[in-house]
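Novice: Starting off with a structure, shown below.
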Amino acid sequence: MLANAFVDNAKVMAKGQITIPKDVREALGVSNGDRVTFIVEGNTVRMVNSAVYAMQLFQKEMAGEAERAGLTTDEDVMALVRELRDEDEKL
């Protein structure tokens with residue numbers, strides 16, 4: 001088992017609800033009102049912070065897009081930002 005891994009459990013209530021143990025909430029960085037995502041792979045389920053998971057998926061989808069758009073340097077990116085701001089000001 002990993003050095004930062006731990007095991008905890010929760011009881012499933014009549015309507016399928018559980019209380020996420022405090023140490024698990026802290027490890028996921030979730031609190032009241034936050035959302036979690038369940039990822040089912042075979043007979044294993046991972047629970048992740050939905051915001052973090054969405055950002056990871058977005059980063060994965062965007063990987064390489066800057067290069068494909070010809071943005072290979074910081075200067076290229078800054079030029080694009082200036083261009084877009086100029087267009088916004090004209091509207």
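The way I read the labels, and the way they are meant: chains A, B, ... in the order of the structure tokens, residue 1 as the first residue of every chain, and ligand 1 as the first ligand shown, with later ones counted on from there.
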Near stretch 4-11 of chain A, counting only C-alpha atoms, which residues have an atom at most 12 Å away, once you skip same-chain residues fewer than 2 positions from it, shown as a list in words?

Specialist: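 That gives Met1, Leu2, Met13, Ala14, Lys15, Gly16, Gln17, Ile18, Thr19, Ile20, Pro21, Lys22, Asp23, Val24, Arg25 and Ala27 of chain A.
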
Novice: Could you write those residues out with N, CA and C atoms, as a JSON list (two decimals), in the first residue's frame?

Specialist:
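Written output follows (result27.json):
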```json
[["chain", "number", "residue", "atom", "x", "y", "z"],
["A", 1, "MET", "N", 0.85, -1.18, 0.00],
["A", 1, "MET", "CA", 0.00, 0.00, 0.00],
["A", 1, "MET", "C", 0.89, 1.24, 0.00],
["A", 2, "LEU", "N", 0.43, 2.32, -0.61],
["A", 2, "LEU", "CA", 1.20, 3.55, -0.69],
["A", 2, "LEU", "C", 1.39, 4.18, 0.68],
["A", 13, "MET", "N", -26.84, 3.76, 4.08],
["A", 13, "MET", "CA", -28.14, 3.93, 4.71],
["A", 13, "MET", "C", -29.25, 3.44, 3.77],
["A", 14, "ALA", "N", -30.49, 3.47, 4.22],
["A", 14, "ALA", "CA", -31.63, 2.91, 3.50],
["A", 14, "ALA", "C", -31.77, 3.47, 2.08],
["A", 15, "LYS", "N", -31.51, 4.75, 1.89],
["A", 15, "LYS", "CA", -31.67, 5.37, 0.57],
["A", 15, "LYS", "C", -30.36, 5.38, -0.22],
["A", 16, "GLY", "N", -29.39, 4.58, 0.20],
["A", 16, "GLY", "CA", -28.12, 4.49, -0.51],
["A", 16, "GLY", "C", -27.14, 5.59, -0.16],
["A", 17, "GLN", "N", -27.45, 6.38, 0.84],
["A", 17, "GLN", "CA", -26.57, 7.48, 1.22],
["A", 17, "GLN", "C", -25.49, 7.02, 2.19],
["A", 18, "ILE", "N", -24.35, 7.71, 2.12],
["A", 18, "ILE", "CA", -23.28, 7.47, 3.08],
["A", 18, "ILE", "C", -22.76, 8.82, 3.56],
["A", 19, "THR", "N", -22.12, 8.81, 4.71],
["A", 19, "THR", "CA", -21.39, 9.97, 5.18],
["A", 19, "THR", "C", -19.93, 9.72, 4.87],
["A", 20, "ILE", "N", -19.32, 10.65, 4.14],
["A", 20, "ILE", "CA", -17.90, 10.49, 3.80],
["A", 20, "ILE", "C", -17.10, 10.80, 5.06],
["A", 21, "PRO", "N", -16.28, 9.86, 5.50],
["A", 21, "PRO", "CA", -15.50, 10.10, 6.72],
["A", 21, "PRO", "C", -14.64, 11.36, 6.61],
["A", 22, "LYS", "N", -14.44, 12.03, 7.74],
["A", 22, "LYS", "CA", -13.72, 13.30, 7.77],
["A", 22, "LYS", "C", -12.33, 13.19, 7.15],
["A", 23, "ASP", "N", -11.59, 12.14, 7.47],
["A", 23, "ASP", "CA", -10.23, 12.02, 6.92],
["A", 23, "ASP", "C", -10.25, 11.85, 5.40],
["A", 24, "VAL", "N", -11.30, 11.23, 4.86],
["A", 24, "VAL", "CA", -11.44, 11.08, 3.42],
["A", 24, "VAL", "C", -11.80, 12.43, 2.79],
["A", 25, "ARG", "N", -12.73, 13.17, 3.41],
["A", 25, "ARG", "CA", -13.08, 14.51, 2.92],
["A", 25, "ARG", "C", -11.86, 15.40, 2.87],
["A", 27, "ALA", "N", -8.69, 14.45, 2.67],
["A", 27, "ALA", "CA", -7.77, 13.96, 1.64],
["A", 27, "ALA", "C", -8.22, 14.40, 0.24]]
```

Novice: Among stretch 6-63 of chain A, which ones does DSSP assign to strand (DSSP E or B) (computed from the backbone)? Answer as a VMD selection string.

Specialist: chain A and resid 36 to 41 44 to 49

Novice: Just the number, please: distance in Å from atom CA of A:Ser50 to atom CA of A:Thr37, one decimal.

Specialist: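 Separating atom CA of A:Ser50 from atom CA of A:Thr37 is a distance of 5.1 Å.
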
Novice: If we count only C-alpha atoms, what is near A:Asn49 at a cut-off of 9 Å, once residues fewer than 2 positions away on the same chain are taken out, given as a list of chain:residue names?

Specialist: A:Leu28, A:Gly29, A:Val30, A:Asp34, A:Arg35, A:Val36, A:Thr37, A:Met47, A:Ala51, A:Val52, A:Tyr53, A:Ala54

Novice: Extract the full set of helix (DSSP H, G or I) residues from chain A according to DSSP on the backbone, and format it as a VMD selection string.

Specialist: chain A and resid 22 to 28 50 to 62 65 to 68 74 to 90

Novice: Can I get the selection written as a CSV table (one decimal), in the first residue's frame, with N, CA and C atoms?

Specialist:
```csv
chain,number,residue,atom,x,y,z
A,22,LYS,N,-14.4,12.0,7.7
A,22,LYS,CA,-13.7,13.3,7.8
A,22,LYS,C,-12.3,13.2,7.1
A,23,ASP,N,-11.6,12.1,7.5
A,23,ASP,CA,-10.2,12.0,6.9
A,23,ASP,C,-10.3,11.9,5.4
A,24,VAL,N,-11.3,11.2,4.9
A,24,VAL,CA,-11.4,11.1,3.4
A,24,VAL,C,-11.8,12.4,2.8
A,25,ARG,N,-12.7,13.2,3.4
A,25,ARG,CA,-13.1,14.5,2.9
A,25,ARG,C,-11.9,15.4,2.9
A,26,GLU,N,-11.1,15.3,3.9
A,26,GLU,CA,-9.8,16.2,4.0
A,26,GLU,C,-8.8,15.7,2.9
A,27,ALA,N,-8.7,14.5,2.7
A,27,ALA,CA,-7.8,14.0,1.6
A,27,ALA,C,-8.2,14.4,0.2
A,28,LEU,N,-9.5,14.4,0.0
A,28,LEU,CA,-10.1,14.9,-1.3
A,28,LEU,C,-10.2,16.4,-1.4
A,50,SER,N,-14.8,16.4,-7.7
A,50,SER,CA,-15.3,16.6,-9.1
A,50,SER,C,-14.6,17.8,-9.8
A,51,ALA,N,-14.3,18.9,-9.0
A,51,ALA,CA,-13.6,20.0,-9.6
A,51,ALA,C,-12.2,19.7,-10.1
A,52,VAL,N,-11.5,18.9,-9.2
A,52,VAL,CA,-10.2,18.5,-9.6
A,52,VAL,C,-10.2,17.6,-10.8
A,53,TYR,N,-11.1,16.6,-10.8
A,53,TYR,CA,-11.3,15.7,-11.9
A,53,TYR,C,-11.6,16.4,-13.2
A,54,ALA,N,-12.5,17.3,-13.1
A,54,ALA,CA,-12.9,18.1,-14.4
A,54,ALA,C,-11.7,18.8,-14.9
A,55,MET,N,-10.9,19.4,-14.0
A,55,MET,CA,-9.7,20.1,-14.5
A,55,MET,C,-8.7,19.2,-15.1
A,56,GLN,N,-8.5,18.0,-14.5
A,56,GLN,CA,-7.6,17.0,-15.0
A,56,GLN,C,-8.0,16.6,-16.4
A,57,LEU,N,-9.3,16.3,-16.6
A,57,LEU,CA,-9.8,15.9,-17.9
A,57,LEU,C,-9.6,17.1,-18.9
A,58,PHE,N,-9.9,18.3,-18.5
A,58,PHE,CA,-9.7,19.4,-19.4
A,58,PHE,C,-8.3,19.6,-19.8
A,59,GLN,N,-7.4,19.5,-18.9
A,59,GLN,CA,-5.9,19.6,-19.2
A,59,GLN,C,-5.5,18.5,-20.2
A,60,LYS,N,-6.0,17.3,-19.9
A,60,LYS,CA,-5.7,16.1,-20.8
A,60,LYS,C,-6.2,16.4,-22.2
A,61,GLU,N,-7.4,16.9,-22.4
A,61,GLU,CA,-8.0,17.2,-23.7
A,61,GLU,C,-7.3,18.4,-24.4
A,62,MET,N,-6.7,19.3,-23.6
A,62,MET,CA,-6.1,20.5,-24.2
A,62,MET,C,-4.6,20.2,-24.5
A,65,GLU,N,-2.6,21.4,-27.7
A,65,GLU,CA,-3.4,22.3,-28.5
A,65,GLU,C,-2.7,23.6,-28.8
A,66,ALA,N,-1.9,24.1,-27.9
A,66,ALA,CA,-1.1,25.3,-28.1
A,66,ALA,C,-0.1,25.1,-29.2
A,67,GLU,N,0.6,24.0,-29.2
A,67,GLU,CA,1.5,23.8,-30.3
A,67,GLU,C,0.8,23.6,-31.7
A,68,ARG,N,-0.3,22.9,-31.7
A,68,ARG,CA,-1.1,22.8,-32.9
A,68,ARG,C,-1.6,24.1,-33.5
A,74,ASP,N,6.1,31.9,-25.0
A,74,ASP,CA,5.3,32.8,-24.2
A,74,ASP,C,4.9,34.0,-25.0
A,75,GLU,N,5.8,34.5,-25.9
A,75,GLU,CA,5.5,35.7,-26.7
A,75,GLU,C,4.4,35.4,-27.6
A,76,ASP,N,4.3,34.2,-28.2
A,76,ASP,CA,3.2,33.8,-29.1
A,76,ASP,C,1.8,33.9,-28.3
A,77,VAL,N,1.8,33.4,-27.1
A,77,VAL,CA,0.6,33.4,-26.3
A,77,VAL,C,0.2,34.9,-25.9
A,78,MET,N,1.2,35.7,-25.5
A,78,MET,CA,0.9,37.1,-25.2
A,78,MET,C,0.4,37.8,-26.4
A,79,ALA,N,0.9,37.6,-27.6
A,79,ALA,CA,0.5,38.2,-28.8
A,79,ALA,C,-1.0,37.9,-29.0
A,80,LEU,N,-1.3,36.6,-28.8
A,80,LEU,CA,-2.7,36.2,-29.0
A,80,LEU,C,-3.6,36.9,-28.0
A,81,VAL,N,-3.2,36.9,-26.8
A,81,VAL,CA,-4.0,37.6,-25.7
A,81,VAL,C,-4.2,39.1,-26.1
A,82,ARG,N,-3.2,39.8,-26.5
A,82,ARG,CA,-3.3,41.2,-26.9
A,82,ARG,C,-4.3,41.3,-28.1
A,83,GLU,N,-4.2,40.4,-29.0
A,83,GLU,CA,-5.1,40.4,-30.2
A,83,GLU,C,-6.5,40.2,-29.8
A,84,LEU,N,-6.8,39.3,-28.9
A,84,LEU,CA,-8.2,39.0,-28.5
A,84,LEU,C,-8.7,40.2,-27.6
A,85,ARG,N,-7.9,40.8,-26.8
A,85,ARG,CA,-8.3,42.0,-26.0
A,85,ARG,C,-8.6,43.1,-27.0
A,86,ASP,N,-7.8,43.3,-28.0
A,86,ASP,CA,-8.1,44.4,-28.9
A,86,ASP,C,-9.4,44.2,-29.6
A,87,GLU,N,-9.7,42.9,-30.0
A,87,GLU,CA,-11.0,42.6,-30.6
A,87,GLU,C,-12.2,42.9,-29.7
A,88,ASP,N,-12.0,42.5,-28.4
A,88,ASP,CA,-13.0,42.8,-27.4
A,88,ASP,C,-13.3,44.2,-27.3
A,89,GLU,N,-12.3,45.1,-27.3
A,89,GLU,CA,-12.4,46.5,-27.1
A,89,GLU,C,-13.2,47.1,-28.3
A,90,LYS,N,-13.1,46.5,-29.4
A,90,LYS,CA,-13.8,47.0,-30.6
A,90,LYS,C,-15.3,46.7,-30.6
```

Novice: Could you please determine the separation between atom CA of A:Val48 and atom CA of A:Asn32 in Å, to one decimal place?

Specialist: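 Spanning atom CA of A:Val48 to atom CA of A:Asn32 is a straight-line distance of 14.8 Å.
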